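This is input_3.txt (compact mmCIF, N, CA and C atoms).
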# COMPACT_ATOMS: atom_id res chain seq x y z
N LYS C 11 -170.35 77.33 58.50
CA LYS C 11 -169.46 77.77 57.44
C LYS C 11 -170.04 77.43 56.08
N ASP C 12 -169.73 78.24 55.10
CA ASP C 12 -170.20 78.05 53.74
C ASP C 12 -169.58 76.77 53.16
N GLN C 13 -170.41 75.86 52.69
CA GLN C 13 -169.94 74.59 52.13
C GLN C 13 -169.99 74.57 50.61
N SER C 14 -170.16 75.72 49.97
CA SER C 14 -170.32 75.77 48.52
C SER C 14 -169.03 75.49 47.76
N GLY C 15 -167.90 75.61 48.41
CA GLY C 15 -166.62 75.43 47.73
C GLY C 15 -166.09 76.74 47.17
N ASN C 16 -166.89 77.78 47.21
CA ASN C 16 -166.44 79.09 46.75
C ASN C 16 -165.67 79.77 47.87
N ILE C 17 -164.77 80.67 47.49
CA ILE C 17 -164.06 81.43 48.50
C ILE C 17 -164.41 82.91 48.36
N THR C 18 -164.33 83.59 49.47
CA THR C 18 -164.62 85.02 49.46
C THR C 18 -163.37 85.78 49.00
N PHE C 19 -163.56 87.05 48.69
CA PHE C 19 -162.42 87.87 48.32
C PHE C 19 -161.42 87.96 49.47
N GLU C 20 -161.92 88.05 50.71
CA GLU C 20 -161.05 88.14 51.87
C GLU C 20 -160.21 86.87 52.01
N GLU C 21 -160.81 85.70 51.79
CA GLU C 21 -160.06 84.43 51.86
C GLU C 21 -159.01 84.36 50.76
N PHE C 22 -159.37 84.80 49.56
CA PHE C 22 -158.42 84.82 48.45
C PHE C 22 -157.26 85.77 48.74
N SER C 23 -157.59 86.96 49.23
CA SER C 23 -156.58 87.95 49.56
C SER C 23 -155.63 87.43 50.63
N GLU C 24 -156.17 86.76 51.64
CA GLU C 24 -155.34 86.18 52.71
C GLU C 24 -154.41 85.10 52.15
N GLY C 25 -154.90 84.29 51.24
CA GLY C 25 -154.06 83.26 50.61
C GLY C 25 -152.91 83.88 49.82
N ILE C 26 -153.18 84.92 49.07
CA ILE C 26 -152.13 85.61 48.30
C ILE C 26 -151.11 86.23 49.24
N ARG C 27 -151.59 86.84 50.32
CA ARG C 27 -150.69 87.46 51.29
C ARG C 27 -149.76 86.42 51.90
N LEU C 28 -150.28 85.26 52.26
CA LEU C 28 -149.46 84.20 52.84
C LEU C 28 -148.46 83.64 51.82
N LEU C 29 -148.85 83.53 50.57
CA LEU C 29 -147.92 83.08 49.53
C LEU C 29 -146.78 84.07 49.33
N MET C 30 -147.09 85.35 49.34
CA MET C 30 -146.06 86.38 49.20
C MET C 30 -145.10 86.34 50.40
N LEU C 31 -145.66 86.17 51.59
CA LEU C 31 -144.84 86.10 52.80
C LEU C 31 -143.92 84.88 52.75
N ARG C 32 -144.45 83.74 52.35
CA ARG C 32 -143.64 82.52 52.25
C ARG C 32 -142.52 82.69 51.23
N SER C 33 -142.79 83.34 50.11
CA SER C 33 -141.78 83.57 49.08
C SER C 33 -140.64 84.44 49.63
N LEU C 34 -140.98 85.53 50.30
CA LEU C 34 -139.95 86.39 50.89
C LEU C 34 -139.16 85.65 51.97
N LEU C 35 -139.86 84.83 52.74
CA LEU C 35 -139.21 84.08 53.81
C LEU C 35 -138.22 83.07 53.25
N LYS C 36 -138.59 82.38 52.18
CA LYS C 36 -137.68 81.41 51.55
C LYS C 36 -136.43 82.10 51.04
N THR C 37 -136.57 83.29 50.45
CA THR C 37 -135.42 84.06 49.97
C THR C 37 -134.51 84.44 51.12
N THR C 38 -135.08 84.91 52.21
CA THR C 38 -134.30 85.32 53.37
C THR C 38 -133.54 84.14 53.97
N ILE C 39 -134.21 83.01 54.12
CA ILE C 39 -133.56 81.83 54.70
C ILE C 39 -132.45 81.34 53.77
N ALA C 40 -132.69 81.32 52.46
CA ALA C 40 -131.66 80.89 51.51
C ALA C 40 -130.45 81.81 51.56
N ASN C 41 -130.66 83.11 51.62
CA ASN C 41 -129.55 84.06 51.71
C ASN C 41 -128.73 83.85 52.98
N ASN C 42 -129.41 83.57 54.08
CA ASN C 42 -128.70 83.38 55.34
C ASN C 42 -127.90 82.09 55.35
N LYS C 43 -128.39 81.03 54.70
CA LYS C 43 -127.65 79.78 54.62
C LYS C 43 -126.41 79.92 53.74
N LEU C 44 -126.49 80.84 52.78
CA LEU C 44 -125.36 81.06 51.89
C LEU C 44 -124.44 82.15 52.40
N GLY C 45 -124.66 82.60 53.61
CA GLY C 45 -123.83 83.68 54.15
C GLY C 45 -124.23 85.02 53.60
N GLY C 46 -125.52 85.22 53.33
CA GLY C 46 -125.99 86.47 52.77
C GLY C 46 -125.74 87.65 53.69
N GLU C 47 -125.80 88.83 53.12
CA GLU C 47 -125.49 90.05 53.87
C GLU C 47 -126.72 90.68 54.50
N ASP C 48 -127.89 90.11 54.30
CA ASP C 48 -129.11 90.71 54.86
C ASP C 48 -129.28 90.28 56.31
N SER C 49 -128.31 90.62 57.12
CA SER C 49 -128.28 90.23 58.53
C SER C 49 -128.93 91.31 59.38
N VAL C 50 -129.93 90.91 60.14
CA VAL C 50 -130.65 91.86 60.98
C VAL C 50 -130.89 91.24 62.35
N ALA C 51 -131.11 92.10 63.31
CA ALA C 51 -131.54 91.65 64.64
C ALA C 51 -132.98 92.09 64.82
N THR C 52 -133.83 91.16 65.17
CA THR C 52 -135.24 91.48 65.36
C THR C 52 -135.64 91.08 66.76
N GLU C 53 -136.08 92.06 67.52
CA GLU C 53 -136.57 91.85 68.87
C GLU C 53 -138.07 92.09 68.88
N VAL C 54 -138.78 91.27 69.63
CA VAL C 54 -140.22 91.40 69.76
C VAL C 54 -140.56 91.53 71.24
N PHE C 55 -141.29 92.57 71.57
CA PHE C 55 -141.73 92.78 72.95
C PHE C 55 -143.25 92.63 72.97
N ASP C 56 -143.73 91.59 73.64
CA ASP C 56 -145.16 91.37 73.82
C ASP C 56 -145.52 91.79 75.24
N TYR C 57 -146.55 92.63 75.36
CA TYR C 57 -146.91 93.04 76.72
C TYR C 57 -148.36 93.45 76.83
N ASN C 58 -148.78 93.51 78.09
CA ASN C 58 -150.07 94.07 78.47
C ASN C 58 -149.84 94.82 79.79
N ALA C 59 -150.86 95.15 80.52
CA ALA C 59 -150.71 95.95 81.73
C ALA C 59 -149.95 95.24 82.84
N THR C 60 -149.89 93.91 82.81
CA THR C 60 -149.27 93.18 83.92
C THR C 60 -148.14 92.24 83.52
N ARG C 61 -147.84 92.13 82.25
CA ARG C 61 -146.88 91.13 81.80
C ARG C 61 -146.06 91.64 80.61
N LEU C 62 -144.79 91.24 80.56
CA LEU C 62 -143.90 91.60 79.46
C LEU C 62 -143.05 90.40 79.09
N GLU C 63 -142.96 90.10 77.80
CA GLU C 63 -142.06 89.06 77.31
C GLU C 63 -141.25 89.63 76.17
N ARG C 64 -139.95 89.32 76.19
CA ARG C 64 -139.04 89.75 75.12
C ARG C 64 -138.58 88.52 74.36
N HIS C 65 -138.63 88.62 73.02
CA HIS C 65 -138.22 87.52 72.15
C HIS C 65 -137.17 88.01 71.17
N ILE C 66 -136.26 87.13 70.81
CA ILE C 66 -135.32 87.36 69.73
C ILE C 66 -135.71 86.41 68.61
N VAL C 67 -135.94 86.93 67.41
CA VAL C 67 -136.32 86.09 66.28
C VAL C 67 -135.05 85.44 65.73
N GLU C 68 -135.02 84.12 65.73
CA GLU C 68 -133.87 83.37 65.24
C GLU C 68 -134.09 82.98 63.79
N GLY C 69 -133.00 82.93 63.03
CA GLY C 69 -133.08 82.50 61.64
C GLY C 69 -133.02 83.63 60.65
N LEU C 70 -132.71 84.84 61.13
CA LEU C 70 -132.61 85.98 60.22
C LEU C 70 -131.16 86.32 59.90
N GLY C 71 -130.24 85.47 60.33
CA GLY C 71 -128.85 85.66 59.99
C GLY C 71 -128.08 86.57 60.92
N GLN C 72 -128.70 87.02 62.01
CA GLN C 72 -128.00 87.92 62.91
C GLN C 72 -126.94 87.16 63.70
N ASP C 73 -125.88 87.86 64.02
CA ASP C 73 -124.82 87.32 64.84
C ASP C 73 -125.16 87.61 66.29
N THR C 74 -125.49 86.59 67.05
CA THR C 74 -125.92 86.79 68.43
C THR C 74 -124.78 86.64 69.42
N THR C 75 -123.55 86.49 68.94
CA THR C 75 -122.44 86.29 69.87
C THR C 75 -122.20 87.52 70.73
N ASP C 76 -122.46 88.71 70.21
CA ASP C 76 -122.25 89.93 70.97
C ASP C 76 -123.50 90.37 71.73
N MET C 77 -124.60 89.67 71.53
CA MET C 77 -125.84 90.06 72.18
C MET C 77 -125.92 89.42 73.56
N THR C 78 -126.34 90.20 74.53
CA THR C 78 -126.55 89.67 75.86
C THR C 78 -127.96 89.12 75.91
N ILE C 79 -128.07 87.80 76.00
CA ILE C 79 -129.38 87.15 76.03
C ILE C 79 -129.57 86.57 77.42
N SER C 80 -130.47 87.15 78.16
CA SER C 80 -130.71 86.69 79.52
C SER C 80 -131.77 85.60 79.52
N ARG C 81 -131.99 85.04 80.70
CA ARG C 81 -133.02 84.00 80.81
C ARG C 81 -134.40 84.55 80.52
N SER C 82 -134.58 85.86 80.67
CA SER C 82 -135.90 86.44 80.43
C SER C 82 -136.20 86.63 78.94
N VAL C 83 -135.19 86.44 78.09
CA VAL C 83 -135.38 86.55 76.65
C VAL C 83 -135.66 85.17 76.10
N GLN C 84 -136.76 85.08 75.35
CA GLN C 84 -137.15 83.80 74.80
C GLN C 84 -136.95 83.81 73.29
N PRO C 85 -136.10 82.90 72.78
CA PRO C 85 -135.94 82.86 71.33
C PRO C 85 -137.22 82.35 70.66
N ILE C 86 -137.49 82.86 69.48
CA ILE C 86 -138.64 82.41 68.71
C ILE C 86 -138.14 82.17 67.28
N SER C 87 -138.58 81.08 66.68
CA SER C 87 -138.10 80.77 65.34
C SER C 87 -138.73 81.72 64.32
N ILE C 88 -138.04 81.89 63.22
CA ILE C 88 -138.52 82.78 62.17
C ILE C 88 -139.89 82.31 61.65
N MET C 89 -140.08 80.99 61.55
CA MET C 89 -141.35 80.46 61.06
C MET C 89 -142.48 80.74 62.05
N ASP C 90 -142.21 80.51 63.35
CA ASP C 90 -143.24 80.78 64.36
C ASP C 90 -143.60 82.25 64.41
N PHE C 91 -142.59 83.11 64.29
CA PHE C 91 -142.88 84.54 64.34
C PHE C 91 -143.76 84.98 63.18
N PHE C 92 -143.45 84.53 61.98
CA PHE C 92 -144.17 85.03 60.82
C PHE C 92 -145.48 84.29 60.52
N PHE C 93 -145.66 83.06 61.03
CA PHE C 93 -146.87 82.33 60.68
C PHE C 93 -147.79 82.02 61.85
N ALA C 94 -147.35 82.22 63.08
CA ALA C 94 -148.21 81.97 64.23
C ALA C 94 -148.87 83.28 64.67
N ASP C 95 -150.04 83.15 65.26
CA ASP C 95 -150.71 84.33 65.82
C ASP C 95 -150.07 84.70 67.14
N ARG C 96 -150.14 85.96 67.48
CA ARG C 96 -149.61 86.36 68.78
C ARG C 96 -150.55 85.82 69.86
N PRO C 97 -150.01 85.59 71.07
CA PRO C 97 -150.84 85.05 72.16
C PRO C 97 -152.02 85.97 72.49
N ASP C 98 -153.10 85.38 72.99
CA ASP C 98 -154.30 86.14 73.31
C ASP C 98 -154.08 87.20 74.39
N TRP C 99 -153.15 86.96 75.31
CA TRP C 99 -152.93 87.90 76.42
C TRP C 99 -152.23 89.18 75.96
N VAL C 100 -151.62 89.16 74.78
CA VAL C 100 -150.84 90.30 74.30
C VAL C 100 -151.77 91.40 73.80
N THR C 101 -151.63 92.60 74.37
CA THR C 101 -152.40 93.75 73.87
C THR C 101 -151.55 94.64 72.98
N VAL C 102 -150.21 94.60 73.19
CA VAL C 102 -149.30 95.40 72.38
C VAL C 102 -148.12 94.53 71.97
N ARG C 103 -147.76 94.60 70.70
CA ARG C 103 -146.55 93.93 70.20
C ARG C 103 -145.66 95.00 69.59
N TRP C 104 -144.50 95.21 70.21
CA TRP C 104 -143.52 96.16 69.72
C TRP C 104 -142.45 95.35 69.00
N ILE C 105 -142.18 95.69 67.74
CA ILE C 105 -141.18 94.97 66.95
C ILE C 105 -140.06 95.94 66.62
N ASN C 106 -138.85 95.57 67.03
CA ASN C 106 -137.68 96.40 66.79
C ASN C 106 -136.78 95.67 65.79
N ILE C 107 -136.64 96.23 64.59
CA ILE C 107 -135.82 95.64 63.54
C ILE C 107 -134.62 96.54 63.33
N THR C 108 -133.42 96.00 63.53
CA THR C 108 -132.21 96.78 63.34
C THR C 108 -131.26 96.05 62.41
N GLY C 109 -130.53 96.81 61.65
CA GLY C 109 -129.56 96.23 60.73
C GLY C 109 -129.49 97.05 59.46
N ARG C 110 -128.33 97.04 58.85
CA ARG C 110 -128.13 97.84 57.64
C ARG C 110 -128.96 97.32 56.46
N LYS C 111 -129.21 96.04 56.41
CA LYS C 111 -129.90 95.46 55.26
C LYS C 111 -131.11 94.67 55.73
N ALA C 112 -132.07 95.35 56.27
CA ALA C 112 -133.24 94.71 56.86
C ALA C 112 -134.46 94.74 55.95
N SER C 113 -134.29 95.01 54.67
CA SER C 113 -135.44 95.22 53.79
C SER C 113 -136.34 93.99 53.68
N HIS C 114 -135.77 92.78 53.58
CA HIS C 114 -136.62 91.59 53.49
C HIS C 114 -137.43 91.40 54.77
N THR C 115 -136.79 91.60 55.91
CA THR C 115 -137.49 91.45 57.19
C THR C 115 -138.60 92.47 57.31
N MET C 116 -138.34 93.70 56.89
CA MET C 116 -139.38 94.73 56.95
C MET C 116 -140.53 94.42 56.00
N LYS C 117 -140.22 93.93 54.82
CA LYS C 117 -141.28 93.57 53.86
C LYS C 117 -142.13 92.42 54.40
N MET C 118 -141.47 91.42 55.00
CA MET C 118 -142.22 90.30 55.57
C MET C 118 -143.10 90.77 56.73
N THR C 119 -142.57 91.66 57.56
CA THR C 119 -143.34 92.18 58.68
C THR C 119 -144.54 92.99 58.18
N ALA C 120 -144.32 93.78 57.13
CA ALA C 120 -145.42 94.55 56.54
C ALA C 120 -146.51 93.64 55.99
N LEU C 121 -146.11 92.53 55.36
CA LEU C 121 -147.11 91.58 54.86
C LEU C 121 -147.85 90.90 56.00
N LYS C 122 -147.11 90.46 57.02
CA LYS C 122 -147.74 89.76 58.14
C LYS C 122 -148.79 90.63 58.82
N TYR C 123 -148.44 91.87 59.08
CA TYR C 123 -149.32 92.74 59.85
C TYR C 123 -150.14 93.71 59.00
N ARG C 124 -150.07 93.57 57.69
CA ARG C 124 -150.84 94.42 56.78
C ARG C 124 -150.55 95.91 57.05
N LEU C 125 -149.27 96.22 57.13
CA LEU C 125 -148.87 97.59 57.40
C LEU C 125 -149.12 98.47 56.17
N HIS C 126 -149.38 99.71 56.42
CA HIS C 126 -149.66 100.66 55.35
C HIS C 126 -148.43 100.78 54.44
N PRO C 127 -148.61 100.80 53.12
CA PRO C 127 -147.47 100.91 52.20
C PRO C 127 -146.61 102.15 52.43
N LEU C 128 -147.21 103.26 52.84
CA LEU C 128 -146.41 104.46 53.10
C LEU C 128 -145.52 104.29 54.33
N ALA C 129 -146.00 103.54 55.32
CA ALA C 129 -145.17 103.27 56.50
C ALA C 129 -143.97 102.42 56.11
N LEU C 130 -144.20 101.43 55.25
CA LEU C 130 -143.09 100.59 54.78
C LEU C 130 -142.10 101.42 53.98
N GLU C 131 -142.61 102.27 53.12
CA GLU C 131 -141.73 103.13 52.31
C GLU C 131 -140.88 104.02 53.20
N ASP C 132 -141.49 104.60 54.24
CA ASP C 132 -140.74 105.44 55.17
C ASP C 132 -139.68 104.63 55.91
N ALA C 133 -140.01 103.41 56.31
CA ALA C 133 -139.06 102.57 57.03
C ALA C 133 -137.88 102.17 56.16
N LEU C 134 -138.13 101.91 54.89
CA LEU C 134 -137.07 101.49 53.98
C LEU C 134 -136.18 102.65 53.55
N ASP C 135 -136.70 103.86 53.63
CA ASP C 135 -135.94 105.05 53.25
C ASP C 135 -135.66 105.90 54.48
N CYS C 136 -135.15 105.26 55.53
CA CYS C 136 -135.02 105.94 56.82
C CYS C 136 -133.90 106.98 56.84
N GLU C 137 -132.95 106.93 55.91
CA GLU C 137 -131.87 107.90 55.91
C GLU C 137 -132.36 109.30 55.59
N ASN C 138 -133.45 109.41 54.86
CA ASN C 138 -133.97 110.70 54.46
C ASN C 138 -135.19 111.13 55.28
N GLN C 139 -135.41 110.47 56.42
CA GLN C 139 -136.59 110.75 57.22
C GLN C 139 -136.21 111.37 58.56
N ARG C 140 -137.05 112.25 59.02
CA ARG C 140 -136.92 112.78 60.37
C ARG C 140 -137.75 111.90 61.30
N PRO C 141 -137.48 111.96 62.61
CA PRO C 141 -138.32 111.20 63.55
C PRO C 141 -139.78 111.61 63.41
N LYS C 142 -140.67 110.63 63.45
CA LYS C 142 -142.09 110.94 63.32
C LYS C 142 -142.93 109.78 63.83
N ALA C 143 -144.20 110.06 64.02
CA ALA C 143 -145.17 109.05 64.42
C ALA C 143 -146.40 109.22 63.55
N GLU C 144 -146.89 108.12 63.02
CA GLU C 144 -148.09 108.13 62.18
C GLU C 144 -149.11 107.17 62.75
N SER C 145 -150.37 107.54 62.70
CA SER C 145 -151.45 106.68 63.17
C SER C 145 -152.23 106.17 61.96
N TYR C 146 -152.32 104.86 61.82
CA TYR C 146 -153.11 104.24 60.76
C TYR C 146 -154.29 103.51 61.40
N SER C 147 -155.20 103.01 60.60
CA SER C 147 -156.42 102.42 61.17
C SER C 147 -156.14 101.20 62.04
N SER C 148 -155.10 100.42 61.73
CA SER C 148 -154.86 99.20 62.51
C SER C 148 -153.54 99.18 63.26
N HIS C 149 -152.73 100.23 63.11
CA HIS C 149 -151.42 100.23 63.75
C HIS C 149 -150.83 101.63 63.81
N TYR C 150 -149.78 101.75 64.59
CA TYR C 150 -149.00 102.98 64.65
C TYR C 150 -147.64 102.72 64.03
N PHE C 151 -147.08 103.74 63.40
CA PHE C 151 -145.73 103.66 62.85
C PHE C 151 -144.91 104.75 63.52
N ILE C 152 -143.81 104.33 64.16
CA ILE C 152 -142.96 105.28 64.86
C ILE C 152 -141.54 105.14 64.33
N MET C 153 -140.96 106.24 63.88
CA MET C 153 -139.58 106.22 63.40
C MET C 153 -138.78 107.16 64.30
N VAL C 154 -137.71 106.60 64.89
CA VAL C 154 -136.84 107.42 65.73
C VAL C 154 -135.41 107.35 65.24
Encoded form using C-alpha cells:
Amino acid sequence: KDQSGNITFEEFSEGIRLLMLRSLLKTTIANNKLGGEDSVATEVFDYNATRLERHIVEGLGQDTTDMTISRSVQPISIMDFFFADRPDWVTVRWINITGRKASHTMKMTALKYRLHPLALEDALDCENQRPKAESYSSHYFIMV
C-alpha cells in the first residue's frame, strides 16, 4: 500500500460518499425517534443459486406489528445494512422499499450502492412512471 500519506481521488470520493450516507442516516434515525412520518418497510433478499435469506431492516420507523415475521426472516439493524458489506456468498441482493415517505431510505440506498441518479429520480417520482426496467453498468433498476 502507498505510504505517502496522500489519498487517491477514489479514496476521497468514497469518504465523501460515506459522510453523506451518515448524514442522511442520522436525519432518518432522529426523525424516527421523534415519531417522524418517514416510516418505511425495507426488505432485503440475499440469494444465489442454492440459498436465500430474507431480512427486515430495523430502525427505519416501520410498524412491524402487522407484519408476519417468520423464523426464516432475519432482522438486520439499519447501521449494519448501510455500512456492512453484503456476504461473499450473495450473488444477488434484491431490496424492496415500500412506504409513502421513503425518500430518505431511497437516497441512502442510492448512496450505498452508487445507483444512477436517473434511477433514483424515477424511484422518487413513481406516481408519474409506468412500469419499466433499466440496465446500468453496475445494477438494474426495476419499477413495477
Exercise for the section: Enter the distance from CA of Val54 (chain C) to CA of Phe22 (chain C), in Å, rounded to one decimal. Expected result: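 These atoms are spaced 28.8 Å apart.
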Handout entry: Protein, DNA and RNA residues within 8 Å of (-139.2, 87.1, 67.4), all atoms listed in the file, as a PyMOL selection string
Key = chain C and resi 52-55+64-68+84-88+90-92
Suppose we keep N, CA and C atoms; can you now write the selection as a tab-separated table (two decimals), in the frame of the given file?
chain	number	residue	atom	x	y	z
C	52	THR	N	-133.83	91.16	65.17
C	52	THR	CA	-135.24	91.48	65.36
C	52	THR	C	-135.64	91.08	66.76
C	53	GLU	N	-136.08	92.06	67.52
C	53	GLU	CA	-136.57	91.85	68.87
C	53	GLU	C	-138.07	92.09	68.88
C	54	VAL	N	-138.78	91.27	69.63
C	54	VAL	CA	-140.22	91.40	69.76
C	54	VAL	C	-140.56	91.53	71.24
C	55	PHE	N	-141.29	92.57	71.57
C	55	PHE	CA	-141.73	92.78	72.95
C	55	PHE	C	-143.25	92.63	72.97
C	64	ARG	N	-139.95	89.32	76.19
C	64	ARG	CA	-139.04	89.75	75.12
C	64	ARG	C	-138.58	88.52	74.36
C	65	HIS	N	-138.63	88.62	73.02
C	65	HIS	CA	-138.22	87.52	72.15
C	65	HIS	C	-137.17	88.01	71.17
C	66	ILE	N	-136.26	87.13	70.81
C	66	ILE	CA	-135.32	87.36	69.73
C	66	ILE	C	-135.71	86.41	68.61
C	67	VAL	N	-135.94	86.93	67.41
C	67	VAL	CA	-136.32	86.09	66.28
C	67	VAL	C	-135.05	85.44	65.73
C	68	GLU	N	-135.02	84.12	65.73
C	68	GLU	CA	-133.87	83.37	65.24
C	68	GLU	C	-134.09	82.98	63.79
C	84	GLN	N	-136.76	85.08	75.35
C	84	GLN	CA	-137.15	83.80	74.80
C	84	GLN	C	-136.95	83.81	73.29
C	85	PRO	N	-136.10	82.90	72.78
C	85	PRO	CA	-135.94	82.86	71.33
C	85	PRO	C	-137.22	82.35	70.66
C	86	ILE	N	-137.49	82.86	69.48
C	86	ILE	CA	-138.64	82.41	68.71
C	86	ILE	C	-138.14	82.17	67.28
C	87	SER	N	-138.58	81.08	66.68
C	87	SER	CA	-138.10	80.77	65.34
C	87	SER	C	-138.73	81.72	64.32
C	88	ILE	N	-138.04	81.89	63.22
C	88	ILE	CA	-138.52	82.78	62.17
C	88	ILE	C	-139.89	82.31	61.65
C	90	ASP	N	-142.21	80.51	63.35
C	90	ASP	CA	-143.24	80.78	64.36
C	90	ASP	C	-143.60	82.25	64.41
C	91	PHE	N	-142.59	83.11	64.29
C	91	PHE	CA	-142.88	84.54	64.34
C	91	PHE	C	-143.76	84.98	63.18
C	92	PHE	N	-143.45	84.53	61.98
C	92	PHE	CA	-144.17	85.03	60.82
C	92	PHE	C	-145.48	84.29	60.52
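Atom C of Leu29 (chain C) lies 9.3 Å from CA of Leu121 (chain C).
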Exercise for the section: Extract, using only C-alpha atoms, all DNA, RNA and protein residues at most 10 Å from region 147-149 of chain C, discarding same-chain residues fewer than 6 positions from it, and format them as a list in words. Expected result: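 Answer for this query is Tyr123, Arg124, Leu125 and His126 of chain C.
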Exercise for the section: Please measure the separation of atom N of Arg140 (chain C) and CA of Ile152 (chain C), giving the value in Å to one decimal. Expected result: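 That distance, rounded to one decimal, is 10.8 Å.
Each of C:Ser33, C:Thr101, C:Phe151, C:Asp132 was checked against Leu62 (chain C) using only C-alpha atoms; the smallest atom-to-atom distance is that of C:Thr101.
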Problem - Who sits within 8 Å of Met30 (chain C), all atoms listed in the file, same chain under 6 positions skipped, as an MDAnalysis selection string - result: chainID C and resid 24 36 117:118 121
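Nearest residue to Glu63 (chain C) among C:Thr18, C:Asp98, C:Val83, C:Tyr146 is C:Val83, counting all atoms listed in the file.
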DSSP strand (DSSP E) residues within region 76-111 of chain C, as a compact mmCIF listing (two decimals) with N, CA and C atoms, keeping the file's coordinate frame:
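Heads up, here's the output in states_12.txt:
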# COMPACT_ATOMS: atom_id res chain seq x y z
N VAL C 83 -135.19 86.44 78.09
CA VAL C 83 -135.38 86.55 76.65
C VAL C 83 -135.66 85.17 76.10
N GLN C 84 -136.76 85.08 75.35
CA GLN C 84 -137.15 83.80 74.80
C GLN C 84 -136.95 83.81 73.29
N PRO C 85 -136.10 82.90 72.78
CA PRO C 85 -135.94 82.86 71.33
C PRO C 85 -137.22 82.35 70.66
N ILE C 86 -137.49 82.86 69.48
CA ILE C 86 -138.64 82.41 68.71
C ILE C 86 -138.14 82.17 67.28
N SER C 87 -138.58 81.08 66.68
CA SER C 87 -138.10 80.77 65.34
C SER C 87 -138.73 81.72 64.32
N VAL C 102 -150.21 94.60 73.19
CA VAL C 102 -149.30 95.40 72.38
C VAL C 102 -148.12 94.53 71.97
N ARG C 103 -147.76 94.60 70.70
CA ARG C 103 -146.55 93.93 70.20
C ARG C 103 -145.66 95.00 69.59
N TRP C 104 -144.50 95.21 70.21
CA TRP C 104 -143.52 96.16 69.72
C TRP C 104 -142.45 95.35 69.00
N ILE C 105 -142.18 95.69 67.74
CA ILE C 105 -141.18 94.97 66.95
C ILE C 105 -140.06 95.94 66.62
N ASN C 106 -138.85 95.57 67.03
CA ASN C 106 -137.68 96.40 66.79
C ASN C 106 -136.78 95.67 65.79
N ILE C 107 -136.64 96.23 64.59
CA ILE C 107 -135.82 95.64 63.54
C ILE C 107 -134.62 96.54 63.33
N THR C 108 -133.42 96.00 63.53
CA THR C 108 -132.21 96.78 63.34
C THR C 108 -131.26 96.05 62.41
Practice task
Tell me which of C:Pro97, C:Gly109, C:Gly25, C:Pro127 sits closest to Val50 (chain C), counting only C-alpha atoms.
Solution key: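 Checking each of C:Pro97, C:Gly109, C:Gly25, C:Pro127 against Val50 (chain C), counting only C-alpha atoms, the winner is C:Gly109.
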Problem - Those of chain C in DSSP helix (DSSP H, G or I), formatted as a count of residues only - result: 53
Problem - Pick from C:Met153, C:Ser14, C:Met89, C:Ala51, whichever lies nearest to Ala112 (chain C) using all atoms listed in the file - result: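 The answer is C:Ala51, which sits nearest to Ala112 (chain C).
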Handout entry: Protein and nucleic acid residues near (-140.1, 106.2, 57.2) (cut-off 6.5 Å, all atoms listed in the file) as a ChimeraX atom specification
Key = /C:128-136,139,153
